[in-house]
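Structure file model06.json with JSON, N, CA and C atoms:
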[["chain", "number", "residue", "atom", "x", "y", "z"],
["Q", 1, "MET", "N", 1.67, 34.95, 33.23],
["Q", 1, "MET", "CA", 1.65, 34.68, 34.65],
["Q", 1, "MET", "C", 0.36, 35.19, 35.29],
["Q", 2, "ALA", "N", -0.14, 36.31, 34.86],
["Q", 2, "ALA", "CA", -1.36, 36.89, 35.41],
["Q", 2, "ALA", "C", -2.56, 35.99, 35.11],
["Q", 3, "ARG", "N", -2.50, 35.34, 33.94],
["Q", 3, "ARG", "CA", -3.57, 34.44, 33.57],
["Q", 3, "ARG", "C", -3.65, 33.24, 34.51],
["Q", 4, "ARG", "N", -2.56, 32.69, 34.84],
["Q", 4, "ARG", "CA", -2.50, 31.54, 35.73],
["Q", 4, "ARG", "C", -3.06, 31.89, 37.11],
["Q", 5, "THR", "N", -2.83, 33.06, 37.58],
["Q", 5, "THR", "CA", -3.32, 33.50, 38.88],
["Q", 5, "THR", "C", -4.84, 33.64, 38.86],
["Q", 6, "VAL", "N", -5.38, 34.14, 37.77],
["Q", 6, "VAL", "CA", -6.84, 34.30, 37.65],
["Q", 6, "VAL", "C", -7.50, 32.92, 37.65],
["Q", 7, "ARG", "N", -6.93, 31.97, 36.90],
["Q", 7, "ARG", "CA", -7.50, 30.62, 36.85],
["Q", 7, "ARG", "C", -7.41, 29.93, 38.21],
["Q", 8, "SER", "N", -6.31, 30.06, 38.86],
["Q", 8, "SER", "CA", -6.18, 29.38, 40.14],
["Q", 8, "SER", "C", -7.07, 30.03, 41.21],
["Q", 9, "SER", "N", -7.25, 31.34, 41.17],
["Q", 9, "SER", "CA", -8.13, 31.98, 42.15],
["Q", 9, "SER", "C", -9.59, 31.68, 41.83],
["Q", 10, "THR", "N", -9.93, 31.56, 40.54],
["Q", 10, "THR", "CA", -11.29, 31.19, 40.16],
["Q", 10, "THR", "C", -11.57, 29.75, 40.58],
["Q", 11, "ALA", "N", -10.63, 28.87, 40.36],
["Q", 11, "ALA", "CA", -10.79, 27.48, 40.77],
["Q", 11, "ALA", "C", -10.81, 27.38, 42.29],
["Q", 12, "GLY", "N", -10.08, 28.22, 42.97],
["Q", 12, "GLY", "CA", -10.06, 28.22, 44.43],
["Q", 12, "GLY", "C", -11.39, 28.65, 45.02],
["Q", 13, "ILE", "N", -12.15, 29.44, 44.30],
["Q", 13, "ILE", "CA", -13.47, 29.88, 44.76],
["Q", 13, "ILE", "C", -14.55, 28.94, 44.23],
["Q", 14, "LEU", "N", -14.42, 28.50, 42.99],
["Q", 14, "LEU", "CA", -15.45, 27.71, 42.33],
["Q", 14, "LEU", "C", -15.60, 26.31, 42.93],
["Q", 15, "ILE", "N", -14.53, 25.66, 43.24],
["Q", 15, "ILE", "CA", -14.59, 24.29, 43.78],
["Q", 15, "ILE", "C", -15.29, 24.27, 45.15],
["Q", 16, "PRO", "N", -14.95, 25.11, 46.11],
["Q", 16, "PRO", "CA", -15.71, 25.11, 47.38],
["Q", 16, "PRO", "C", -17.17, 25.53, 47.19],
["Q", 17, "LEU", "N", -17.42, 26.43, 46.24],
["Q", 17, "LEU", "CA", -18.79, 26.87, 45.97],
["Q", 17, "LEU", "C", -19.63, 25.71, 45.44],
["Q", 18, "ILE", "N", -19.06, 24.92, 44.55],
["Q", 18, "ILE", "CA", -19.76, 23.73, 44.04],
["Q", 18, "ILE", "C", -19.98, 22.73, 45.18],
["Q", 19, "GLY", "N", -18.99, 22.55, 46.02],
["Q", 19, "GLY", "CA", -19.12, 21.65, 47.17],
["Q", 19, "GLY", "C", -20.24, 22.08, 48.10],
["Q", 20, "VAL", "N", -20.31, 23.38, 48.37],
["Q", 20, "VAL", "CA", -21.38, 23.91, 49.23],
["Q", 20, "VAL", "C", -22.74, 23.71, 48.57],
["Q", 21, "ALA", "N", -22.82, 23.90, 47.26],
["Q", 21, "ALA", "CA", -24.08, 23.72, 46.54],
["Q", 21, "ALA", "C", -24.53, 22.25, 46.60],
["Q", 22, "VAL", "N", -23.61, 21.33, 46.42],
["Q", 22, "VAL", "CA", -23.95, 19.90, 46.48],
["Q", 22, "VAL", "C", -24.40, 19.52, 47.89],
["Q", 23, "ILE", "N", -23.69, 19.97, 48.88],
["Q", 23, "ILE", "CA", -24.07, 19.69, 50.26],
["Q", 23, "ILE", "C", -25.43, 20.31, 50.57],
["Q", 24, "GLY", "N", -25.66, 21.52, 50.13],
["Q", 24, "GLY", "CA", -26.95, 22.19, 50.32],
["Q", 24, "GLY", "C", -28.08, 21.43, 49.66],
["Q", 25, "TYR", "N", -27.83, 20.89, 48.47],
["Q", 25, "TYR", "CA", -28.83, 20.09, 47.76],
["Q", 25, "TYR", "C", -29.24, 18.87, 48.59],
["Q", 26, "PHE", "N", -28.25, 18.16, 49.10],
["Q", 26, "PHE", "CA", -28.55, 16.95, 49.87],
["Q", 26, "PHE", "C", -29.21, 17.29, 51.22],
["Q", 27, "VAL", "N", -28.80, 18.37, 51.84],
["Q", 27, "VAL", "CA", -29.43, 18.78, 53.11],
["Q", 27, "VAL", "C", -30.89, 19.16, 52.86],
["Q", 28, "TRP", "N", -31.16, 19.91, 51.79],
["Q", 28, "TRP", "CA", -32.53, 20.31, 51.46],
["Q", 28, "TRP", "C", -33.41, 19.08, 51.27],
["Q", 29, "HIS", "N", -32.94, 18.13, 50.47],
["Q", 29, "HIS", "CA", -33.75, 16.94, 50.21],
["Q", 29, "HIS", "C", -33.79, 16.01, 51.43],
["Q", 30, "GLY", "N", -32.81, 16.07, 52.28],
["Q", 30, "GLY", "CA", -32.85, 15.30, 53.52],
["Q", 30, "GLY", "C", -33.91, 15.82, 54.47],
["Q", 31, "LEU", "N", -34.21, 17.09, 54.38],
["Q", 31, "LEU", "CA", -35.25, 17.69, 55.23],
["Q", 31, "LEU", "C", -36.62, 17.69, 54.56],
["Q", 32, "HIS", "N", -36.69, 18.10, 53.30],
["Q", 32, "HIS", "CA", -37.97, 18.35, 52.64],
["Q", 32, "HIS", "C", -38.34, 17.30, 51.60],
["Q", 33, "GLY", "N", -37.51, 16.32, 51.35],
["Q", 33, "GLY", "CA", -37.78, 15.33, 50.31],
["Q", 33, "GLY", "C", -38.89, 14.36, 50.70],
["Q", 34, "ALA", "N", -39.21, 13.47, 49.77],
["Q", 34, "ALA", "CA", -40.30, 12.50, 49.98],
["Q", 34, "ALA", "C", -40.01, 11.57, 51.15],
["Q", 35, "ARG", "N", -38.75, 11.31, 51.42],
["Q", 35, "ARG", "CA", -38.36, 10.46, 52.55],
["Q", 35, "ARG", "C", -37.53, 11.25, 53.56],
["Q", 36, "GLY", "N", -37.72, 12.54, 53.58],
["Q", 36, "GLY", "CA", -36.92, 13.41, 54.45],
["Q", 36, "GLY", "C", -37.47, 13.47, 55.87],
["Q", 37, "PHE", "N", -36.85, 14.31, 56.65],
["Q", 37, "PHE", "CA", -37.17, 14.45, 58.07],
["Q", 37, "PHE", "C", -38.63, 14.88, 58.28],
["Q", 38, "PHE", "N", -39.06, 15.93, 57.57],
["Q", 38, "PHE", "CA", -40.41, 16.44, 57.77],
["Q", 38, "PHE", "C", -41.45, 15.44, 57.28],
["Q", 39, "ALA", "N", -41.15, 14.70, 56.21],
["Q", 39, "ALA", "CA", -42.07, 13.67, 55.72],
["Q", 39, "ALA", "C", -42.20, 12.55, 56.75],
["Q", 40, "SER", "N", -41.10, 12.19, 57.39],
["Q", 40, "SER", "CA", -41.19, 11.12, 58.40],
["Q", 40, "SER", "C", -41.98, 11.59, 59.62],
["Q", 41, "GLN", "N", -41.85, 12.87, 59.98],
["Q", 41, "GLN", "CA", -42.65, 13.40, 61.09],
["Q", 41, "GLN", "C", -44.14, 13.36, 60.75],
["Q", 42, "GLN", "N", -44.48, 13.71, 59.51],
["Q", 42, "GLN", "CA", -45.87, 13.68, 59.07],
["Q", 42, "GLN", "C", -46.39, 12.25, 59.06],
["Q", 43, "LEU", "N", -45.57, 11.31, 58.63],
["Q", 43, "LEU", "CA", -45.97, 9.90, 58.64],
["Q", 43, "LEU", "C", -46.24, 9.41, 60.05],
["Q", 44, "GLU", "N", -45.40, 9.80, 60.99],
["Q", 44, "GLU", "CA", -45.61, 9.40, 62.39],
["Q", 44, "GLU", "C", -46.93, 9.96, 62.92],
["Q", 45, "ALA", "N", -47.25, 11.20, 62.57],
["Q", 45, "ALA", "CA", -48.51, 11.79, 63.00],
["Q", 45, "ALA", "C", -49.69, 11.06, 62.36],
["Q", 46, "ASP", "N", -49.57, 10.70, 61.08],
["Q", 46, "ASP", "CA", -50.63, 9.95, 60.40],
["Q", 46, "ASP", "C", -50.82, 8.58, 61.03],
["Q", 47, "VAL", "N", -49.73, 7.92, 61.38],
["Q", 47, "VAL", "CA", -49.81, 6.61, 62.02],
["Q", 47, "VAL", "C", -50.52, 6.71, 63.36],
["Q", 48, "ALA", "N", -50.21, 7.73, 64.14],
["Q", 48, "ALA", "CA", -50.87, 7.91, 65.44],
["Q", 48, "ALA", "C", -52.37, 8.14, 65.26],
["Q", 49, "ALA", "N", -52.74, 8.96, 64.28],
["Q", 49, "ALA", "CA", -54.17, 9.22, 64.04],
["Q", 49, "ALA", "C", -54.88, 7.96, 63.58],
["Q", 50, "LEU", "N", -54.25, 7.19, 62.71],
["Q", 50, "LEU", "CA", -54.88, 5.96, 62.23],
["Q", 50, "LEU", "C", -54.97, 4.90, 63.32],
["Q", 51, "GLU", "N", -53.98, 4.84, 64.21],
["Q", 51, "GLU", "CA", -54.06, 3.89, 65.32],
["Q", 51, "GLU", "C", -55.20, 4.26, 66.27],
["Q", 52, "SER", "N", -55.42, 5.55, 66.47],
["Q", 52, "SER", "CA", -56.53, 5.99, 67.29],
["Q", 52, "SER", "C", -57.86, 5.61, 66.64],
["Q", 53, "GLU", "N", -57.95, 5.82, 65.33],
["Q", 53, "GLU", "CA", -59.17, 5.45, 64.61],
["Q", 53, "GLU", "C", -59.38, 3.93, 64.66],
["Q", 54, "LEU", "N", -58.30, 3.17, 64.54],
["Q", 54, "LEU", "CA", -58.40, 1.72, 64.62],
["Q", 54, "LEU", "C", -58.92, 1.27, 65.99],
["Q", 55, "ALA", "N", -58.45, 1.92, 67.05],
["Q", 55, "ALA", "CA", -58.93, 1.59, 68.40],
["Q", 55, "ALA", "C", -60.43, 1.87, 68.52],
["Q", 56, "ASP", "N", -60.89, 2.99, 67.94],
["Q", 56, "ASP", "CA", -62.32, 3.31, 67.97],
["Q", 56, "ASP", "C", -63.14, 2.26, 67.22],
["Q", 57, "VAL", "N", -62.65, 1.86, 66.07],
["Q", 57, "VAL", "CA", -63.36, 0.86, 65.27],
["Q", 57, "VAL", "C", -63.39, -0.49, 65.98],
["Q", 58, "ARG", "N", -62.29, -0.83, 66.65],
["Q", 58, "ARG", "CA", -62.26, -2.10, 67.39],
["Q", 58, "ARG", "C", -63.27, -2.08, 68.55],
["Q", 59, "ARG", "N", -63.36, -0.94, 69.25],
["Q", 59, "ARG", "CA", -64.34, -0.83, 70.34],
["Q", 59, "ARG", "C", -65.76, -0.97, 69.79],
["Q", 60, "GLU", "N", -66.03, -0.33, 68.67],
["Q", 60, "GLU", "CA", -67.36, -0.42, 68.06],
["Q", 60, "GLU", "C", -67.66, -1.86, 67.64],
["Q", 61, "ARG", "N", -66.65, -2.53, 67.07],
["Q", 61, "ARG", "CA", -66.84, -3.92, 66.66],
["Q", 61, "ARG", "C", -67.14, -4.82, 67.86],
["Q", 62, "GLU", "N", -66.41, -4.63, 68.96],
["Q", 62, "GLU", "CA", -66.66, -5.43, 70.15],
["Q", 62, "GLU", "C", -68.08, -5.21, 70.67],
["Q", 63, "SER", "N", -68.54, -3.96, 70.62],
["Q", 63, "SER", "CA", -69.90, -3.66, 71.06],
["Q", 63, "SER", "C", -70.92, -4.37, 70.17],
["Q", 64, "LEU", "N", -70.69, -4.32, 68.86],
["Q", 64, "LEU", "CA", -71.60, -5.00, 67.94],
["Q", 64, "LEU", "C", -71.56, -6.52, 68.13],
["Q", 65, "GLU", "N", -70.38, -7.06, 68.39],
["Q", 65, "GLU", "CA", -70.27, -8.50, 68.63],
["Q", 65, "GLU", "C", -71.03, -8.91, 69.88],
["Q", 66, "GLN", "N", -71.03, -8.06, 70.91],
["Q", 66, "GLN", "CA", -71.79, -8.36, 72.12],
["Q", 66, "GLN", "C", -73.29, -8.36, 71.84],
["Q", 67, "HIS", "N", -73.75, -7.40, 71.00],
["Q", 67, "HIS", "CA", -75.16, -7.36, 70.64],
["Q", 67, "HIS", "C", -75.54, -8.60, 69.83],
["Q", 68, "VAL", "N", -74.69, -9.00, 68.92],
["Q", 68, "VAL", "CA", -74.97, -10.19, 68.11],
["Q", 68, "VAL", "C", -74.99, -11.43, 68.98],
["Q", 69, "ALA", "N", -74.09, -11.50, 69.95],
["Q", 69, "ALA", "CA", -74.06, -12.66, 70.84],
["Q", 69, "ALA", "C", -75.36, -12.78, 71.63],
["Q", 70, "LEU", "N", -75.98, -11.66, 71.95],
["Q", 70, "LEU", "CA", -77.25, -11.70, 72.68],
["Q", 70, "LEU", "C", -78.40, -12.19, 71.80],
["Q", 71, "LEU", "N", -78.24, -12.13, 70.49],
["Q", 71, "LEU", "CA", -79.29, -12.57, 69.57],
["Q", 71, "LEU", "C", -79.08, -13.99, 69.06],
["Q", 72, "ARG", "N", -78.03, -14.65, 69.46],
["Q", 72, "ARG", "CA", -77.77, -16.02, 69.02],
["Q", 72, "ARG", "C", -78.79, -16.96, 69.67],
["Q", 73, "PRO", "N", -79.20, -18.01, 68.96],
["Q", 73, "PRO", "CA", -80.23, -18.92, 69.49],
["Q", 73, "PRO", "C", -79.83, -19.59, 70.81],
["Q", 74, "GLU", "N", -78.55, -19.92, 70.99],
["Q", 74, "GLU", "CA", -78.16, -20.60, 72.21],
["Q", 74, "GLU", "C", -78.15, -19.67, 73.43],
["Q", 75, "SER", "N", -78.10, -18.37, 73.21],
["Q", 75, "SER", "CA", -78.10, -17.44, 74.34],
["Q", 75, "SER", "C", -79.03, -16.26, 74.04],
["Q", 76, "LEU", "N", -80.24, -16.57, 73.65],
["Q", 76, "LEU", "CA", -81.18, -15.54, 73.24],
["Q", 76, "LEU", "C", -81.69, -14.75, 74.44],
["Q", 77, "ASP", "N", -81.52, -13.44, 74.38],
["Q", 77, "ASP", "CA", -82.00, -12.55, 75.44],
["Q", 77, "ASP", "C", -83.36, -12.01, 75.01],
["Q", 78, "PRO", "N", -84.42, -12.30, 75.73],
["Q", 78, "PRO", "CA", -85.76, -11.86, 75.33],
["Q", 78, "PRO", "C", -85.88, -10.34, 75.21],
["Q", 79, "ASP", "N", -85.23, -9.61, 76.09],
["Q", 79, "ASP", "CA", -85.30, -8.14, 76.02],
["Q", 79, "ASP", "C", -84.65, -7.62, 74.74],
["Q", 80, "MET", "N", -83.51, -8.20, 74.38],
["Q", 80, "MET", "CA", -82.82, -7.77, 73.16],
["Q", 80, "MET", "C", -83.66, -8.13, 71.93],
["Q", 81, "LEU", "N", -84.25, -9.31, 71.94],
["Q", 81, "LEU", "CA", -85.10, -9.73, 70.83],
["Q", 81, "LEU", "C", -86.29, -8.79, 70.67],
["Q", 82, "GLU", "N", -86.92, -8.43, 71.79],
["Q", 82, "GLU", "CA", -88.06, -7.51, 71.73],
["Q", 82, "GLU", "C", -87.63, -6.14, 71.22],
["Q", 83, "GLU", "N", -86.50, -5.66, 71.70],
["Q", 83, "GLU", "CA", -85.99, -4.36, 71.27],
["Q", 83, "GLU", "C", -85.74, -4.35, 69.76],
["Q", 84, "ARG", "N", -85.07, -5.37, 69.25],
["Q", 84, "ARG", "CA", -84.78, -5.43, 67.81],
["Q", 84, "ARG", "C", -86.05, -5.55, 66.99],
["Q", 85, "ALA", "N", -87.02, -6.34, 67.48],
["Q", 85, "ALA", "CA", -88.28, -6.49, 66.75],
["Q", 85, "ALA", "C", -89.02, -5.16, 66.68],
["Q", 86, "ARG", "N", -89.02, -4.41, 67.76],
["Q", 86, "ARG", "CA", -89.70, -3.10, 67.76],
["Q", 86, "ARG", "C", -89.02, -2.14, 66.79],
["Q", 87, "VAL", "N", -87.72, -2.16, 66.77],
["Q", 87, "VAL", "CA", -87.01, -1.26, 65.86],
["Q", 87, "VAL", "C", -87.28, -1.64, 64.42],
["Q", 88, "LEU", "N", -87.20, -2.94, 64.10],
["Q", 88, "LEU", "CA", -87.40, -3.38, 62.72],
["Q", 88, "LEU", "C", -88.84, -3.20, 62.25],
["Q", 89, "LEU", "N", -89.80, -3.42, 63.14],
["Q", 89, "LEU", "CA", -91.20, -3.30, 62.76],
["Q", 89, "LEU", "C", -91.75, -1.89, 62.95],
["Q", 90, "ASN", "N", -90.97, -1.04, 63.60],
["Q", 90, "ASN", "CA", -91.36, 0.34, 63.85],
["Q", 90, "ASN", "C", -92.66, 0.42, 64.66],
["Q", 91, "VAL", "N", -92.69, -0.32, 65.74],
["Q", 91, "VAL", "CA", -93.84, -0.31, 66.64],
["Q", 91, "VAL", "C", -93.38, -0.02, 68.06],
["Q", 92, "ALA", "N", -94.33, 0.29, 68.93],
["Q", 92, "ALA", "CA", -94.01, 0.57, 70.32],
["Q", 92, "ALA", "C", -94.97, -0.19, 71.23],
["Q", 93, "HIS", "N", -94.53, -0.43, 72.42],
["Q", 93, "HIS", "CA", -95.37, -1.09, 73.42],
["Q", 93, "HIS", "C", -96.38, -0.07, 73.93],
["Q", 94, "PRO", "N", -97.56, -0.51, 74.30],
["Q", 94, "PRO", "CA", -98.57, 0.46, 74.78],
["Q", 94, "PRO", "C", -98.11, 1.27, 75.99],
["Q", 95, "ASN", "N", -97.22, 0.75, 76.81],
["Q", 95, "ASN", "CA", -96.77, 1.47, 78.00],
["Q", 95, "ASN", "C", -95.56, 2.36, 77.72],
["Q", 96, "ASP", "N", -95.02, 2.33, 76.50],
["Q", 96, "ASP", "CA", -93.84, 3.15, 76.16],
["Q", 96, "ASP", "C", -94.26, 4.60, 75.97],
["Q", 97, "ILE", "N", -93.35, 5.48, 76.32],
["Q", 97, "ILE", "CA", -93.55, 6.90, 76.06],
["Q", 97, "ILE", "C", -92.77, 7.25, 74.80],
["Q", 98, "VAL", "N", -93.45, 7.76, 73.80],
["Q", 98, "VAL", "CA", -92.84, 8.07, 72.52],
["Q", 98, "VAL", "C", -92.79, 9.59, 72.36],
["Q", 99, "ILE", "N", -91.60, 10.10, 72.07],
["Q", 99, "ILE", "CA", -91.42, 11.53, 71.88],
["Q", 99, "ILE", "C", -91.13, 11.74, 70.39],
["Q", 100, "MET", "N", -91.96, 12.50, 69.72],
["Q", 100, "MET", "CA", -91.81, 12.77, 68.29],
["Q", 100, "MET", "C", -91.02, 14.06, 68.11],
["Q", 101, "TYR", "N", -90.01, 14.02, 67.29],
["Q", 101, "TYR", "CA", -89.20, 15.20, 66.98],
["Q", 101, "TYR", "C", -89.60, 15.71, 65.60],
["Q", 102, "PRO", "N", -89.70, 17.02, 65.44],
["Q", 102, "PRO", "CA", -90.02, 17.53, 64.09],
["Q", 102, "PRO", "C", -88.81, 17.33, 63.16],
["Q", 103, "ARG", "N", -89.08, 17.15, 61.91],
["Q", 103, "ARG", "CA", -88.01, 16.96, 60.95],
["Q", 103, "ARG", "C", -87.42, 18.29, 60.68]]
Would you mind writing the structure in this file as C-alpha coordinates?
Amino acid sequence: MARRTVRSSTAGILIPLIGVAVIGYFVWHGLHGARGFFASQQLEADVAALESELADVRRERESLEQHVALLRPESLDPDMLEERARVLLNVAHPNDIVIMYPR
(Lines of atoms letter the chains of each structure in order from A and count residues from 1; the text may use other names and numbers.)
(Lines give C-alpha, C1' and ligand atoms only; values in the text may rest on other atoms or scores of the structure.)
Protein backbone atom coordinates (compact mmCIF):
# COMPACT_ATOMS: atom_id res chain seq x y z
CA MET A 1 0.00 0.00 0.00
CA ALA A 2 2.85 2.41 0.76
CA ARG A 3 4.25 1.77 -2.69
CA ARG A 4 1.05 2.79 -4.40
CA THR A 5 0.99 6.07 -2.48
CA VAL A 6 4.55 6.93 -3.53
CA ARG A 7 3.72 6.26 -7.21
CA SER A 8 0.54 8.26 -7.14
CA SER A 9 2.18 11.21 -5.35
CA THR A 10 5.13 11.09 -7.79
CA ALA A 11 2.73 11.02 -10.73
CA GLY A 12 0.71 13.81 -9.11
CA ILE A 13 3.82 16.02 -9.09
CA LEU A 14 5.47 14.79 -12.30
CA ILE A 15 2.54 15.27 -14.68
CA PRO A 16 1.94 18.98 -13.82
CA LEU A 17 5.72 19.55 -13.87
CA ILE A 18 5.93 18.12 -17.40
CA GLY A 19 2.94 20.26 -18.41
CA VAL A 20 4.62 23.39 -17.05
CA ALA A 21 7.85 22.49 -18.87
CA VAL A 22 6.01 22.03 -22.18
CA ILE A 23 4.12 25.29 -21.76
CA GLY A 24 7.36 27.06 -20.82
CA TYR A 25 9.03 25.67 -23.94
CA PHE A 26 6.33 27.04 -26.21
CA VAL A 27 6.21 30.41 -24.42
CA TRP A 28 10.01 30.76 -24.72
CA HIS A 29 9.96 30.03 -28.44
CA GLY A 30 6.90 32.22 -28.91
CA LEU A 31 8.91 35.14 -27.56
CA HIS A 32 12.50 34.41 -28.63
CA GLY A 33 12.11 32.06 -31.62
CA ALA A 34 12.82 32.83 -35.27
CA ARG A 35 9.17 33.83 -35.77
CA GLY A 36 8.54 34.96 -32.20
CA PHE A 37 7.40 38.26 -30.77
CA PHE A 38 10.85 39.86 -30.49
CA ALA A 39 11.80 38.74 -34.01
CA SER A 40 8.63 40.33 -35.40
CA GLN A 41 9.43 43.57 -33.56
CA GLN A 42 12.92 43.56 -35.09
CA LEU A 43 11.46 42.90 -38.54
CA GLU A 44 9.09 45.86 -38.16
CA ALA A 45 12.02 48.10 -37.22
CA ASP A 46 14.01 46.83 -40.23
CA VAL A 47 11.05 47.47 -42.53
CA ALA A 48 10.73 51.05 -41.24
CA ALA A 49 14.46 51.69 -41.78
CA LEU A 50 14.37 50.23 -45.29
CA GLU A 51 11.26 52.24 -46.21
CA SER A 52 13.07 55.40 -45.10
CA GLU A 53 16.09 54.44 -47.21
CA LEU A 54 13.78 53.71 -50.15
CA ALA A 55 12.23 57.19 -49.84
CA ASP A 56 15.73 58.74 -49.88
CA VAL A 57 16.70 56.76 -52.98
CA ARG A 58 13.46 57.73 -54.73
CA ARG A 59 14.11 61.43 -54.01
CA GLU A 60 17.64 61.10 -55.37
CA ARG A 61 16.34 59.32 -58.48
CA GLU A 62 13.77 62.07 -59.11
CA SER A 63 16.51 64.67 -58.81
CA LEU A 64 18.69 62.79 -61.29
CA GLU A 65 15.74 62.37 -63.67
CA GLN A 66 15.19 66.14 -63.60
CA HIS A 67 18.85 66.73 -64.46
CA VAL A 68 18.66 64.21 -67.31
CA ALA A 69 15.48 65.85 -68.61
CA LEU A 70 17.36 69.15 -68.84
CA LEU A 71 19.99 67.49 -71.05
CA ARG A 72 17.55 65.92 -73.52
CA PRO A 73 17.77 67.34 -77.07
CA GLU A 74 14.12 68.42 -77.17
CA SER A 75 14.49 70.49 -73.98
CA LEU A 76 18.18 71.32 -73.85
CA ASP A 77 19.07 73.89 -71.19
CA PRO A 78 22.20 75.81 -72.26
CA ASP A 79 23.24 76.49 -68.66
CA MET A 80 23.02 72.81 -67.74
CA LEU A 81 24.94 71.84 -70.88
CA GLU A 82 27.69 74.34 -70.07
CA GLU A 83 27.87 73.16 -66.46
CA ARG A 84 28.20 69.49 -67.48
CA ALA A 85 30.81 70.32 -70.14
CA ARG A 86 32.91 72.22 -67.59
CA VAL A 87 32.74 69.37 -65.13
CA LEU A 88 33.61 66.72 -67.71
CA LEU A 89 36.42 68.73 -69.31
CA ASN A 90 37.68 70.06 -65.97
CA VAL A 91 37.81 73.67 -67.15
CA ALA A 92 36.50 76.97 -65.80
CA HIS A 93 35.19 80.16 -67.32
CA PRO A 94 37.58 83.12 -67.12
CA ASN A 95 35.12 85.00 -64.88
CA ASP A 96 34.68 82.07 -62.43
CA ILE A 97 36.25 82.17 -59.01
CA VAL A 98 38.04 78.90 -58.30
CA ILE A 99 38.92 77.92 -54.74
CA MET A 100 41.56 75.19 -54.45
CA TYR A 101 41.44 72.94 -51.39
CA PRO A 102 44.56 71.12 -50.20
CA ARG A 103 44.39 67.36 -50.37
As JSON, what would the box around range 74-91 of chain Q look like: edges along x, y and z, 5 Å added on every side, centre and edge lengths in Å to one decimal?
{"center_x": -86.0, "center_y": -10.1, "center_z": 69.2, "size_x": 25.7, "size_y": 31.0, "size_z": 23.8}
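You can rank Q:His29, Q:Arg103, Q:Arg59, Q:His67 by their closest distance to Leu81 in chain Q using only C-alpha atoms, and at the top of that list sits Q:His67.
Comparing the minimum interatomic distances between Met80 in chain Q and each of Q:Ala11, Q:His32, Q:Val47, Q:Gln66, counting only C-alpha atoms, we find that Q:Gln66 sits nearest.
Counting only C-alpha atoms, range 95-102 of chain Q has the following residues at most 12 Å away, ignoring those fewer than 5 positions along the same chain: Glu83, Arg86 and Asn90 of chain Q.
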Computed gap from atom N of Arg84 in chain Q to atom N of Val68 in chain Q is 11.0 Å
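In this model, the gap between atom C of Val27 in chain Q and atom C of Asp46 in chain Q comes to 24.0 Å.
Pairwise distance (atom C of Ile15 in chain Q, atom N of Gly30 in chain Q) equals 20.6 Å.
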